[in-house]
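Visitor: Just dropping this structure here.
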Amino acid sequence: DAGVIQSPRHEVTEMGQEVTLRCKPISGHDYLFWYRQTMMRGLELLIYFNNNVPIDDSGMPEDRFSAKMPNASFSTLKIQPSEPRDSAVYFCASTPDSRSSYNEQFFGPGTRLTVL
Amino acid sequence: GQSLEQPSEVTAVEGAIVQINCTYQTSGFYGLSWYQQHDGGAPTFLSYNALDGLEETGRFSSFLSRSDSYGYLLLQELQMKDSASYFCAVAGNTPLVFGKGTRLSVIA
């Protein structure tokens, strides 16, 4: 079975450019999470969706960040304009139901973003 | 809000036992999870405790004391492949909040 799929795996861009990260959750999973991981701040929840609807976006750092989930099998995280401090590994995770959201989440391989 | 404290680094010898502690503060509590992450990899789920006591899964065990807001992950018969970062994560008002992680180095 395919796990959570993220693309691209690596992204290098210049400050001010738009960056779009993509995620395909595990089929049948109703919850999707976006995380950012840095050495300084650890693994932070940015936003999560239930049945394609954003539930909590309080972790989104600022208006430059936006996330969408147009259907059950696809989500994007967009940064516009990007800044060097956005450099991090961005993970997408999914779970089949609410209960699983509170213990076992399935993570994708991550996208390593470098903003020069 | 929610916060977790765990040691930043631990070193242990192959074949030994190591315990990684986690204390947490949270408004609302459902349970404590543990995740493993190898360098360059993704976090993977290890265990979950919702009730007080010890949960055992092979060489790994996890303990929770709700009254003390404390838990630990116990790794037995350490192997070199256990070298990784280990995160505790608490579920409360938000699905999961992760600690900063403990980097475990297993040495020969």
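Ordering of the structure tokens sets the chain letters (A, B, ...), residue numbers begin anew at 1 in every chain, and ligands are numbered from 1 in the order given.
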I'd like the neighbourhood of Gly40 in chain B as a list of chain:residue names, where a residue qualifies if any of its atoms comes within 12 Å (using only C-alpha atoms), though same-chain residues fewer than 3 positions away should be ignored.
Guide: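 Listing them by chain and then by number gives A:Arg9, A:His10, A:Gln37, A:Val89, A:Tyr90, A:Phe91, A:Gly108, A:Pro109, A:Gly110, A:Thr111, A:Arg112, B:Gln36, B:Gln37, B:Pro43, B:Ala84, B:Ser85.
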Visitor: Pull out every residue of chain B sitting within 6 Å of chain A, counting only C-alpha atoms, and send them as a PyMOL selection string.
Guide: chain B and resi 33+42+45+91+95-96+100
Visitor: Write the selection just made, keeping C-alpha atoms, as a PDB file, in the first residue's frame?
Guide:
```pdb
ATOM      1  CA  SER B  33       2.518   8.988  22.072  1.00  0.00           C
ATOM      2  CA  ALA B  42       9.988  10.770   8.699  1.00  0.00           C
ATOM      3  CA  PHE B  45       4.720   5.854  15.438  1.00  0.00           C
ATOM      4  CA  ALA B  91      -2.831  14.857  22.617  1.00  0.00           C
ATOM      5  CA  PRO B  95      -4.418  16.412  18.036  1.00  0.00           C
ATOM      6  CA  LEU B  96      -0.679  16.161  18.724  1.00  0.00           C
ATOM      7  CA  LYS B 100      11.764  18.728  20.823  1.00  0.00           C
TER       8      LYS B 100
END
```
Visitor: Determine which residues of range 16-103 of chain A DSSP labels as alpha helix (DSSP H) from the backbone of this structure, then write them out as a list in words.
Guide: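 Taking range 16-103 of chain A and keeping alpha helix (DSSP H) gives Ser98, Arg99, Ser100 and Ser101 of chain A.
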Visitor: Have a look at CA of Arg103 in chain B and CA of Ser87 in chain A and let me know their distance in Å, one decimal.
Guide: 21.5 Å
Visitor: Would you mind listing what lies within 9 Å of Ala72 in chain A as an MDAnalysis selection string, with only C-alpha atoms counted and same-chain residues fewer than 6 positions away left out?
Guide: chainID A and resid 24:25 27:30 51:52
Visitor: List as a PyMOL selection string the protein and nucleic acid residues near range 13-26 of chain B, meaning an atom at most 7 Å away when only C-alpha atoms are counted, but skip any in the same chain fewer than 2 places from it.
Guide: chain B and resi 1-6+28-29+69-80+88+92+106-108
Visitor: Quick one: of B:Thr94, B:Gly99, B:Leu46, B:Leu32, who's nearest to Gly58 in chain B, counting only C-alpha atoms?
Guide: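 Of B:Thr94, B:Gly99, B:Leu46, B:Leu32, the one nearest Gly58 in chain B is B:Leu46, counting only C-alpha atoms.
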Visitor: So what do you get for CA of Val53 in chain A versus CA of Asn71 in chain A, distance-wise?
Guide: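 Computing it gives 9.5 Å between the two atoms.
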Visitor: Could you tell me how far CA of Leu46 in chain A lies from CA of Ser8 in chain B, in Å and to one decimal?
Guide: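 Going from CA of Leu46 in chain A over to CA of Ser8 in chain B covers 23.1 Å.
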Visitor: Got a sec: who's within 12 Å of Met60 in chain A, counting only C-alpha atoms, leaving out chain neighbours fewer than 3 positions off, as a list in words?
Guide: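 Surrounding residues, per the criterion: Phe33, Trp34, Tyr35, Arg36, Glu44, Leu45, Leu46, Ile47, Tyr48, Pro54, Asp56, Asp57, Asp63, Arg64, Phe65, Ser66, Ala67, Leu77, Lys78, Ile79 and Asp86 of chain A.
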Visitor: At a cut-off of 7 Å, using only C-alpha atoms, what residues contact Thr13 in chain A? Leave out same-chain residues fewer than 4 positions from it and give the result as a ChimeraX atom specification.
Guide: /A:17,114-116
Visitor: Please provide as a PDB file with N, CA and C atoms, in the first residue's frame all residues within 8 Å of Ser47 in chain B, with the sequence filter that same-chain residues fewer than 6 positions apart are discarded (counting only C-alpha atoms).
Guide:
```pdb
ATOM      1  N   SER B  33       1.986   9.834  23.140  1.00  0.00           N
ATOM      2  CA  SER B  33       2.518   8.988  22.072  1.00  0.00           C
ATOM      3  C   SER B  33       4.029   9.136  21.982  1.00  0.00           C
ATOM      4  N   TRP B  34       4.648   8.150  21.381  1.00  0.00           N
ATOM      5  CA  TRP B  34       6.089   8.188  21.113  1.00  0.00           C
ATOM      6  C   TRP B  34       6.333   7.892  19.635  1.00  0.00           C
ATOM      7  N   TYR B  35       7.275   8.659  19.065  1.00  0.00           N
ATOM      8  CA  TYR B  35       7.639   8.511  17.669  1.00  0.00           C
ATOM      9  C   TYR B  35       9.156   8.386  17.556  1.00  0.00           C
ATOM     10  N   GLU B  55       3.004  -0.140  28.685  1.00  0.00           N
ATOM     11  CA  GLU B  55       2.618  -0.810  27.454  1.00  0.00           C
ATOM     12  C   GLU B  55       3.882  -1.378  26.819  1.00  0.00           C
ATOM     13  N   THR B  57       5.782  -3.384  23.628  1.00  0.00           N
ATOM     14  CA  THR B  57       5.742  -3.796  22.232  1.00  0.00           C
ATOM     15  C   THR B  57       7.140  -4.249  21.847  1.00  0.00           C
ATOM     16  N   SER B  61       9.011  -0.352  25.399  1.00  0.00           N
ATOM     17  CA  SER B  61       7.911  -0.217  26.344  1.00  0.00           C
ATOM     18  C   SER B  61       7.687   1.260  26.595  1.00  0.00           C
ATOM     19  N   SER B  62       6.453   1.607  26.904  1.00  0.00           N
ATOM     20  CA  SER B  62       6.161   3.003  27.238  1.00  0.00           C
ATOM     21  C   SER B  62       5.303   3.035  28.487  1.00  0.00           C
TER      22      SER B  62
END
```
